[in-house]
file model_1.cif (mmCIF, C-alpha atoms)
data_final
#
loop_
_atom_site.label_atom_id
_atom_site.label_comp_id
_atom_site.auth_asym_id
_atom_site.auth_seq_id
_atom_site.Cartn_x
_atom_site.Cartn_y
_atom_site.Cartn_z
CA MET P 1 21.67 12.40 1.55
CA GLY P 2 20.92 11.50 5.14
CA GLN P 3 19.08 8.64 6.73
CA LYS P 4 15.50 8.05 5.54
CA LYS P 5 12.59 5.98 6.85
CA VAL P 6 11.07 3.78 4.16
CA LEU P 7 7.84 1.77 4.38
CA ILE P 8 7.78 -1.38 2.27
CA ASN P 9 4.10 -2.10 1.63
CA ILE P 10 3.35 -5.66 0.45
CA SER P 11 -0.25 -6.16 -0.74
CA ASP P 12 0.01 -9.23 -2.97
CA GLY P 13 -0.20 -12.79 -1.67
CA PRO P 14 2.83 -15.06 -1.76
CA PHE P 15 3.70 -17.29 -4.71
CA GLY P 16 2.57 -16.97 -8.31
CA ASN P 17 4.35 -13.62 -8.43
CA ILE P 18 7.64 -12.13 -7.18
CA PHE P 19 6.20 -9.16 -5.33
CA TYR P 20 6.47 -10.61 -1.82
CA THR P 21 10.11 -11.67 -2.10
CA GLU P 22 11.16 -8.57 -4.10
CA GLY P 23 9.55 -6.44 -1.42
CA LEU P 24 11.62 -8.09 1.27
CA ARG P 25 14.75 -7.83 -0.88
CA ALA P 26 14.04 -4.12 -1.28
CA ALA P 27 13.69 -3.77 2.49
CA VAL P 28 17.18 -5.22 2.97
CA GLY P 29 18.50 -3.11 0.09
CA VAL P 30 17.07 0.06 1.60
CA SER P 31 19.06 -0.53 4.78
CA ALA P 32 22.34 -1.14 2.97
CA GLY P 33 24.81 1.56 2.08
CA MET P 34 26.19 4.65 3.74
CA ASP P 35 22.88 6.25 4.78
CA GLU P 36 21.71 3.13 6.64
CA ASN P 37 18.06 3.96 5.87
CA ILE P 38 15.47 2.41 8.12
CA PRO P 39 13.00 0.02 6.45
CA THR P 40 9.66 -1.06 7.92
CA VAL P 41 7.64 -3.84 6.30
CA LEU P 42 3.84 -3.70 6.20
CA PHE P 43 1.81 -6.70 5.04
CA GLN P 44 -1.75 -5.78 4.05
CA ALA P 45 -4.60 -7.03 1.83
CA ASP P 46 -3.59 -10.46 0.49
CA GLY P 47 -0.01 -9.77 1.59
CA VAL P 48 -1.04 -10.93 5.09
CA TYR P 49 -1.13 -14.51 3.80
CA TYR P 50 2.67 -14.40 3.87
CA CYS P 51 2.52 -13.93 7.63
CA LEU P 52 1.17 -17.41 8.31
CA LYS P 53 3.58 -19.39 10.49
CA ASP P 54 3.49 -22.43 8.18
CA VAL P 55 4.18 -20.54 4.93
CA ASP P 56 7.28 -21.63 2.98
CA ARG P 57 9.86 -18.84 3.46
CA THR P 58 12.70 -20.66 1.73
CA ASP P 59 13.11 -18.21 -1.16
CA SER P 60 13.19 -15.22 1.18
CA MET P 61 14.98 -16.74 4.17
CA ALA P 62 18.15 -14.70 3.62
CA TYR P 63 16.12 -11.48 3.72
CA PHE P 64 14.28 -12.51 6.89
CA GLU P 65 17.64 -13.32 8.54
CA SER P 66 19.08 -9.94 7.51
CA MET P 67 16.01 -8.09 8.76
CA LYS P 68 16.14 -9.96 12.07
CA GLY P 69 19.73 -8.77 12.47
CA LEU P 70 18.71 -5.22 11.59
CA GLY P 71 15.73 -5.24 13.94
CA THR P 72 13.39 -4.42 11.06
CA LYS P 73 9.74 -4.34 12.15
CA LEU P 74 7.33 -6.64 10.30
CA TYR P 75 3.68 -5.57 10.62
CA ALA P 76 0.39 -7.10 9.45
CA VAL P 77 -2.91 -5.17 9.33
CA GLU P 78 -5.45 -6.62 11.77
CA GLU P 79 -8.50 -5.79 9.63
CA ASP P 80 -7.03 -7.65 6.67
CA LEU P 81 -6.14 -10.65 8.86
CA ALA P 82 -9.68 -10.70 10.27
CA ALA P 83 -11.21 -10.38 6.79
CA ARG P 84 -9.35 -13.56 5.85
CA GLY P 85 -10.12 -15.35 9.11
CA ILE P 86 -6.47 -15.49 10.19
CA ALA P 87 -6.13 -15.80 13.98
CA SER P 88 -3.21 -14.56 16.07
CA ASP P 89 -1.94 -18.05 16.81
CA GLU P 90 -1.61 -18.74 13.10
CA LEU P 91 0.91 -15.95 12.63
CA ALA P 92 4.68 -16.33 12.46
CA PRO P 93 6.28 -15.12 15.73
CA ASP P 94 8.20 -12.27 14.05
CA ILE P 95 5.00 -10.60 12.80
CA THR P 96 3.32 -7.83 14.82
CA ARG P 97 -0.42 -7.20 14.33
CA ILE P 98 -1.46 -3.54 14.07
CA PRO P 99 -4.77 -1.80 13.38
CA ARG P 100 -5.31 0.04 10.07
CA GLN P 101 -5.02 3.35 11.95
CA LYS P 102 -1.46 2.49 13.00
CA ALA P 103 -0.68 1.43 9.41
CA PHE P 104 -1.96 4.83 8.27
CA GLU P 105 0.41 6.49 10.73
CA LEU P 106 3.27 4.44 9.27
CA PHE P 107 2.46 5.84 5.83
CA LYS P 108 2.50 9.35 7.23
CA GLU P 109 5.65 9.10 9.37
CA ASN P 110 7.84 7.28 6.84
CA ASP P 111 9.67 9.51 4.38
CA HIS P 112 8.89 7.20 1.47
CA ASN P 113 6.74 4.17 0.78
CA ILE P 114 7.29 1.53 -1.86
CA ASP P 115 4.47 -0.85 -2.82
CA PHE P 116 4.79 -4.47 -3.89
CA MET A 1 -1.09 12.45 0.93
CA VAL A 2 -2.10 11.33 -2.56
CA TYR A 3 -3.82 7.94 -2.79
CA LEU A 4 -3.40 6.49 -6.27
CA CYS A 5 -6.25 3.97 -6.79
CA GLY A 6 -5.83 1.79 -9.86
CA GLU A 7 -8.09 -1.18 -9.22
CA LYS A 8 -11.24 -1.89 -7.33
CA TYR A 9 -9.80 -4.41 -4.86
CA LEU A 10 -6.74 -2.53 -3.51
CA GLY A 11 -8.65 0.70 -4.04
CA GLN A 12 -10.93 -0.31 -1.18
CA VAL A 13 -7.88 -0.56 1.09
CA ALA A 14 -6.82 2.90 -0.08
CA THR A 15 -10.31 4.22 0.68
CA GLN A 16 -9.94 3.13 4.30
CA TYR A 17 -6.65 5.02 4.63
CA ALA A 18 -8.00 8.10 2.83
CA GLN A 19 -10.89 8.31 5.28
CA MET A 20 -8.34 8.64 8.12
CA ASP A 21 -6.45 11.41 6.32
CA PRO A 22 -7.94 14.94 6.55
CA ASP A 23 -5.58 16.01 3.74
CA ALA A 24 -6.30 13.05 1.47
CA ILE A 25 -6.20 13.57 -2.29
CA VAL A 26 -7.62 10.53 -4.09
CA VAL A 27 -6.79 9.87 -7.74
CA LEU A 28 -8.80 7.26 -9.65
CA ILE A 29 -6.72 5.76 -12.44
CA LYS A 30 -7.20 2.68 -14.70
CA ASP A 31 -9.91 0.45 -13.19
CA GLY A 32 -9.94 2.67 -10.12
CA VAL A 33 -12.59 4.73 -11.94
CA TYR A 34 -15.05 1.95 -11.02
CA LEU A 35 -14.35 2.43 -7.30
CA ASP A 36 -17.23 3.25 -4.94
CA THR A 37 -16.24 6.68 -3.62
CA THR A 38 -19.24 7.07 -1.30
CA PRO A 39 -17.05 6.67 1.84
CA LEU A 40 -14.86 9.51 0.52
CA LYS A 41 -17.53 12.21 0.60
CA GLY A 42 -15.89 15.57 1.25
CA LYS A 43 -12.45 14.43 0.07
CA LYS A 44 -10.71 15.81 -2.99
CA ILE A 45 -11.21 13.19 -5.72
CA PHE A 46 -9.72 13.25 -9.21
CA ALA A 47 -10.14 10.83 -12.11
CA ILE A 48 -7.86 10.45 -15.14
CA ASP A 49 -9.58 11.59 -18.34
CA GLU A 50 -8.27 8.87 -20.65
CA ASP A 51 -9.28 6.08 -18.26
CA VAL A 52 -12.73 7.60 -17.73
CA LYS A 53 -13.33 8.19 -21.46
CA ARG A 54 -12.08 4.76 -22.57
CA ARG A 55 -14.38 3.05 -20.05
CA GLY A 56 -17.38 5.20 -21.00
CA MET A 57 -17.66 6.36 -17.40
CA GLY A 58 -17.88 10.11 -18.11
CA GLU A 59 -21.52 10.58 -17.17
CA ARG A 60 -21.33 8.21 -14.20
CA ILE A 61 -18.28 9.77 -12.59
CA LYS A 62 -18.56 13.50 -13.28
CA ALA A 63 -20.60 14.14 -10.14
CA LYS A 64 -18.07 12.31 -7.94
CA ALA A 65 -14.68 13.33 -9.26
CA GLU A 66 -12.88 16.12 -11.07
CA ILE A 67 -11.52 14.91 -14.40
CA ILE A 68 -7.81 15.66 -14.92
CA GLY A 69 -5.14 14.73 -17.42
CA TYR A 70 -1.76 13.07 -16.88
CA ASP A 71 -0.08 16.48 -16.74
CA ALA A 72 -2.06 17.38 -13.63
CA LEU A 73 -1.35 13.92 -12.20
CA VAL A 74 2.39 14.48 -12.58
CA ASP A 75 2.08 17.77 -10.67
CA LEU A 76 0.20 15.99 -7.86
CA VAL A 77 2.80 13.22 -7.67
CA VAL A 78 5.74 15.62 -7.69
CA ASN A 79 4.27 17.93 -5.06
CA ASN A 80 2.90 15.36 -2.59
CA LYS A 81 3.81 12.15 -0.80
CA VAL A 82 2.10 9.33 -2.70
CA ALA A 83 0.74 5.97 -1.53
CA ASN A 84 0.28 3.68 -4.52
CA PHE A 85 -2.63 1.22 -4.61
CA THR A 86 -2.63 0.35 -8.30
#
call {"tool": "encode", "arguments": {"input": "model_1.cif", "output": "structure tokens"}}
result
Amino acid sequence: MGQKKVLINISDGPFGNIFYTEGLRAAVGVSAGMDENIPTVLFQADGVYYCLKDVDRTDSMAYFESMKGLGTKLYAVEEDLAARGIASDELAPDITRIPRQKAFELFKENDHNIDF
Amino acid sequence: MVYLCGEKYLGQVATQYAQMDPDAIVVLIKDGVYLDTTPLKGKKIFAIDEDVKRRGMGERIKAKAEIIGYDALVDLVVNNKVANFT
């Protein structure tokens, strides 16, 4: 099949649903297997709440550890952070802030995108 | 790219992306038919007939979007990359 680039797009806030953790599980799953596809994770809309440094990551810790080992990029959309009053120093260190324009380019350059 | 807008809240995020995309095709589905499409002037906008009819939005939306059925939606999805905001 050949290696693919897949954007995992998480738009729902953490807790009260399984989207956030299933999205991260999918990111790890995408990278597994023979093709070694390349996942990228994008947190936007309420999904950016999961980027706070004090959020409880217990139920997704295994996925975060796997993605750290894989060098998977974790992005959060600046405009959505600003709209929720989330400052840079409130973010977890493994999250990179990007403008909406860059997020748009991620949608375009990835072969597939999966939303959670 | 096709931007599938299924609710007002995430639909606004989709609208921001669609404005950046010269080739954007926006499809209003479910509650997405309530979306303010003013920022999308000049873009190709479709709305799903069943969702428009059921919500009594026919008269309100006909000037903003072309009404299509699910068969046309399937063609759009199969023939384009899709970003889902439903």
call {"tool": "atom_distance", "arguments": {"input": "model_1.cif", "atom1": "CA of Thr86 in chain A", "atom2": "CA of Leu4 in chain A"}}
result
6.5 Å
call {"tool": "resolve_selection", "arguments": {"input": "model_1.cif", "expression": "the PyMOL selection byres ((chain P and resi 103) around 10)", "output": "PyMOL selection string"}}
result
(chain P and resi 7+9+42-44+75-78+97-102+104-109) or (chain A and resi 17)
call {"tool": "resolve_selection", "arguments": {"input": "model_1.cif", "expression": "the PyMOL selection byres ((chain A) within 10 of (chain P))", "output": "list in words"}}
result
Met1, Tyr9, Leu10, Gln12, Val13, Ala14, Gln16, Tyr17, Ala18, Met20, Asp21, Lys81, Val82, Ala83, Asn84, Phe85 and Thr86 of chain A
call {"tool": "residues_near_point", "arguments": {"input": "model_1.cif", "point": "(-7.1, 9.5, -16.1)", "cutoff": "9 Å", "atoms": "only C-alpha atoms", "output": "PyMOL selection string"}}
result
chain A and resi 27-30+33+46-53+67-70+73
call {"tool": "resolve_selection", "arguments": {"input": "model_1.cif", "expression": "the PyMOL selection byres ((chain P and resi 83-90) around 6)", "output": "ChimeraX atom specification"}}
result
/P:52-53,80-82,91
call {"tool": "atom_distance", "arguments": {"input": "model_1.cif", "atom1": "CA of Ala27 in chain P", "atom2": "CA of Pro39 in chain P"}}
result
5.5 Å
call {"tool": "atom_distance", "arguments": {"input": "model_1.cif", "atom1": "CA of Met57 in chain A", "atom2": "CA of Tyr34 in chain A"}}
result
8.2 Å
call {"tool": "residues_near_point", "arguments": {"input": "model_1.cif", "point": "(19.0, 6.9, 6.2)", "cutoff": "8 Å", "atoms": "all atoms listed in the file", "output": "list in words"}}
result
Met1, Gly2, Gln3, Lys4, Lys5, Ser31, Met34, Asp35, Glu36, Asn37 and Ile38 of chain P
call {"tool": "closest_residue", "arguments": {"input": "model_1.cif", "among": "P:Gly23, P:Ile8, P:Ala32, P:Asn17", "to": "Leu70 in chain P", "atoms": "all atoms listed in the file"}}
result
P:Ala32
call {"tool": "closest_residue", "arguments": {"input": "model_1.cif", "among": "A:Asn80, A:Asp23, A:Val74, A:Leu35", "to": "Arg60 in chain A", "atoms": "all atoms listed in the file"}}
result
A:Leu35
call {"tool": "axis_aligned_box", "arguments": {"input": "model_1.cif", "around": "range 72-88 of chain P", "padding_each_side": "5 Å", "output": "JSON"}}
result
{"center_x": 1.1, "center_y": -10.1, "center_z": 11.0, "size_x": 34.6, "size_y": 21.5, "size_z": 20.2}
call {"tool": "decode", "arguments": {"input": "model_1.cif", "residues": "chain A", "atoms": "C-alpha atoms", "output": "compact mmCIF listing (two decimals), in the first residue's frame"}}
result
# COMPACT_ATOMS: atom_id res chain seq x y z
CA MET A 1 -11.29 19.76 -0.51
CA VAL A 2 -14.83 19.04 0.66
CA TYR A 3 -15.81 20.55 4.02
CA LEU A 4 -18.66 18.58 5.55
CA CYS A 5 -20.44 20.92 8.02
CA GLY A 6 -22.93 19.17 10.27
CA GLU A 7 -23.40 21.54 13.18
CA LYS A 8 -23.22 25.24 13.79
CA TYR A 9 -20.34 25.19 16.28
CA LEU A 10 -17.72 23.08 14.44
CA GLY A 11 -19.12 24.43 11.18
CA GLN A 12 -17.67 27.82 12.08
CA VAL A 13 -14.22 26.20 12.34
CA ALA A 14 -14.79 24.61 8.93
CA THR A 15 -15.78 28.01 7.53
CA GLN A 16 -12.40 29.42 8.54
CA TYR A 17 -10.58 26.63 6.71
CA ALA A 18 -12.83 26.88 3.65
CA GLN A 19 -12.04 30.58 3.33
CA MET A 20 -8.34 29.66 2.98
CA ASP A 21 -9.05 27.07 0.30
CA PRO A 22 -9.59 28.38 -3.27
CA ASP A 23 -10.96 24.95 -4.22
CA ALA A 24 -13.28 24.60 -1.24
CA ILE A 25 -16.55 22.72 -1.67
CA VAL A 26 -18.77 23.21 1.38
CA VAL A 27 -21.60 20.78 2.14
CA LEU A 28 -24.20 21.72 4.75
CA ILE A 29 -25.67 18.62 6.35
CA LYS A 30 -27.85 18.06 9.47
CA ASP A 31 -27.78 21.23 11.61
CA GLY A 32 -25.11 22.64 9.31
CA VAL A 33 -27.99 24.06 7.24
CA TYR A 34 -28.31 26.74 9.95
CA LEU A 35 -24.71 27.86 9.40
CA ASP A 36 -23.99 31.49 8.47
CA THR A 37 -22.39 31.14 5.04
CA THR A 38 -21.77 34.87 4.53
CA PRO A 39 -17.96 34.43 4.91
CA LEU A 40 -18.11 31.79 2.14
CA LYS A 41 -19.33 34.11 -0.61
CA GLY A 42 -18.02 32.88 -3.95
CA LYS A 43 -17.42 29.32 -2.72
CA LYS A 44 -19.31 26.30 -3.99
CA ILE A 45 -21.93 25.53 -1.32
CA PHE A 46 -24.30 22.57 -1.27
CA ALA A 47 -27.04 21.64 1.20
CA ILE A 48 -28.63 18.22 1.70
CA ASP A 49 -32.27 18.19 0.59
CA GLU A 50 -33.67 16.02 3.39
CA ASP A 51 -32.01 18.12 6.10
CA VAL A 52 -33.18 21.37 4.50
CA LYS A 53 -36.76 20.12 3.98
CA ARG A 54 -37.12 18.60 7.46
CA ARG A 55 -35.97 21.86 9.07
CA GLY A 56 -38.23 24.00 6.87
CA MET A 57 -35.21 25.91 5.63
CA GLY A 58 -35.98 25.66 1.89
CA GLU A 59 -36.87 29.29 1.33
CA ARG A 60 -34.14 30.59 3.64
CA ILE A 61 -31.29 28.62 2.10
CA LYS A 62 -32.07 28.44 -1.62
CA ALA A 63 -30.26 31.70 -2.37
CA LYS A 64 -27.12 30.55 -0.53
CA ALA A 65 -26.69 26.91 -1.45
CA GLU A 66 -27.46 24.40 -4.17
CA ILE A 67 -29.75 21.66 -2.85
CA ILE A 68 -28.46 18.13 -3.51
CA GLY A 69 -29.39 14.62 -2.47
CA TYR A 70 -27.31 11.95 -0.76
CA ASP A 71 -26.43 10.43 -4.13
CA ALA A 72 -24.62 13.61 -5.14
CA LEU A 73 -22.99 13.77 -1.70
CA VAL A 74 -21.58 10.28 -2.17
CA ASP A 75 -20.07 11.35 -5.51
CA LEU A 76 -18.46 14.38 -3.84
CA VAL A 77 -17.04 12.27 -1.01
CA VAL A 78 -15.69 9.59 -3.35
CA ASN A 79 -14.09 12.06 -5.75
CA ASN A 80 -12.53 14.51 -3.26
CA LYS A 81 -10.49 14.64 -0.07
CA VAL A 82 -12.95 15.33 2.75
CA ALA A 83 -12.53 17.18 6.05
CA ASN A 84 -15.36 16.24 8.40
CA PHE A 85 -16.79 18.83 10.80
CA THR A 86 -20.04 17.12 11.75
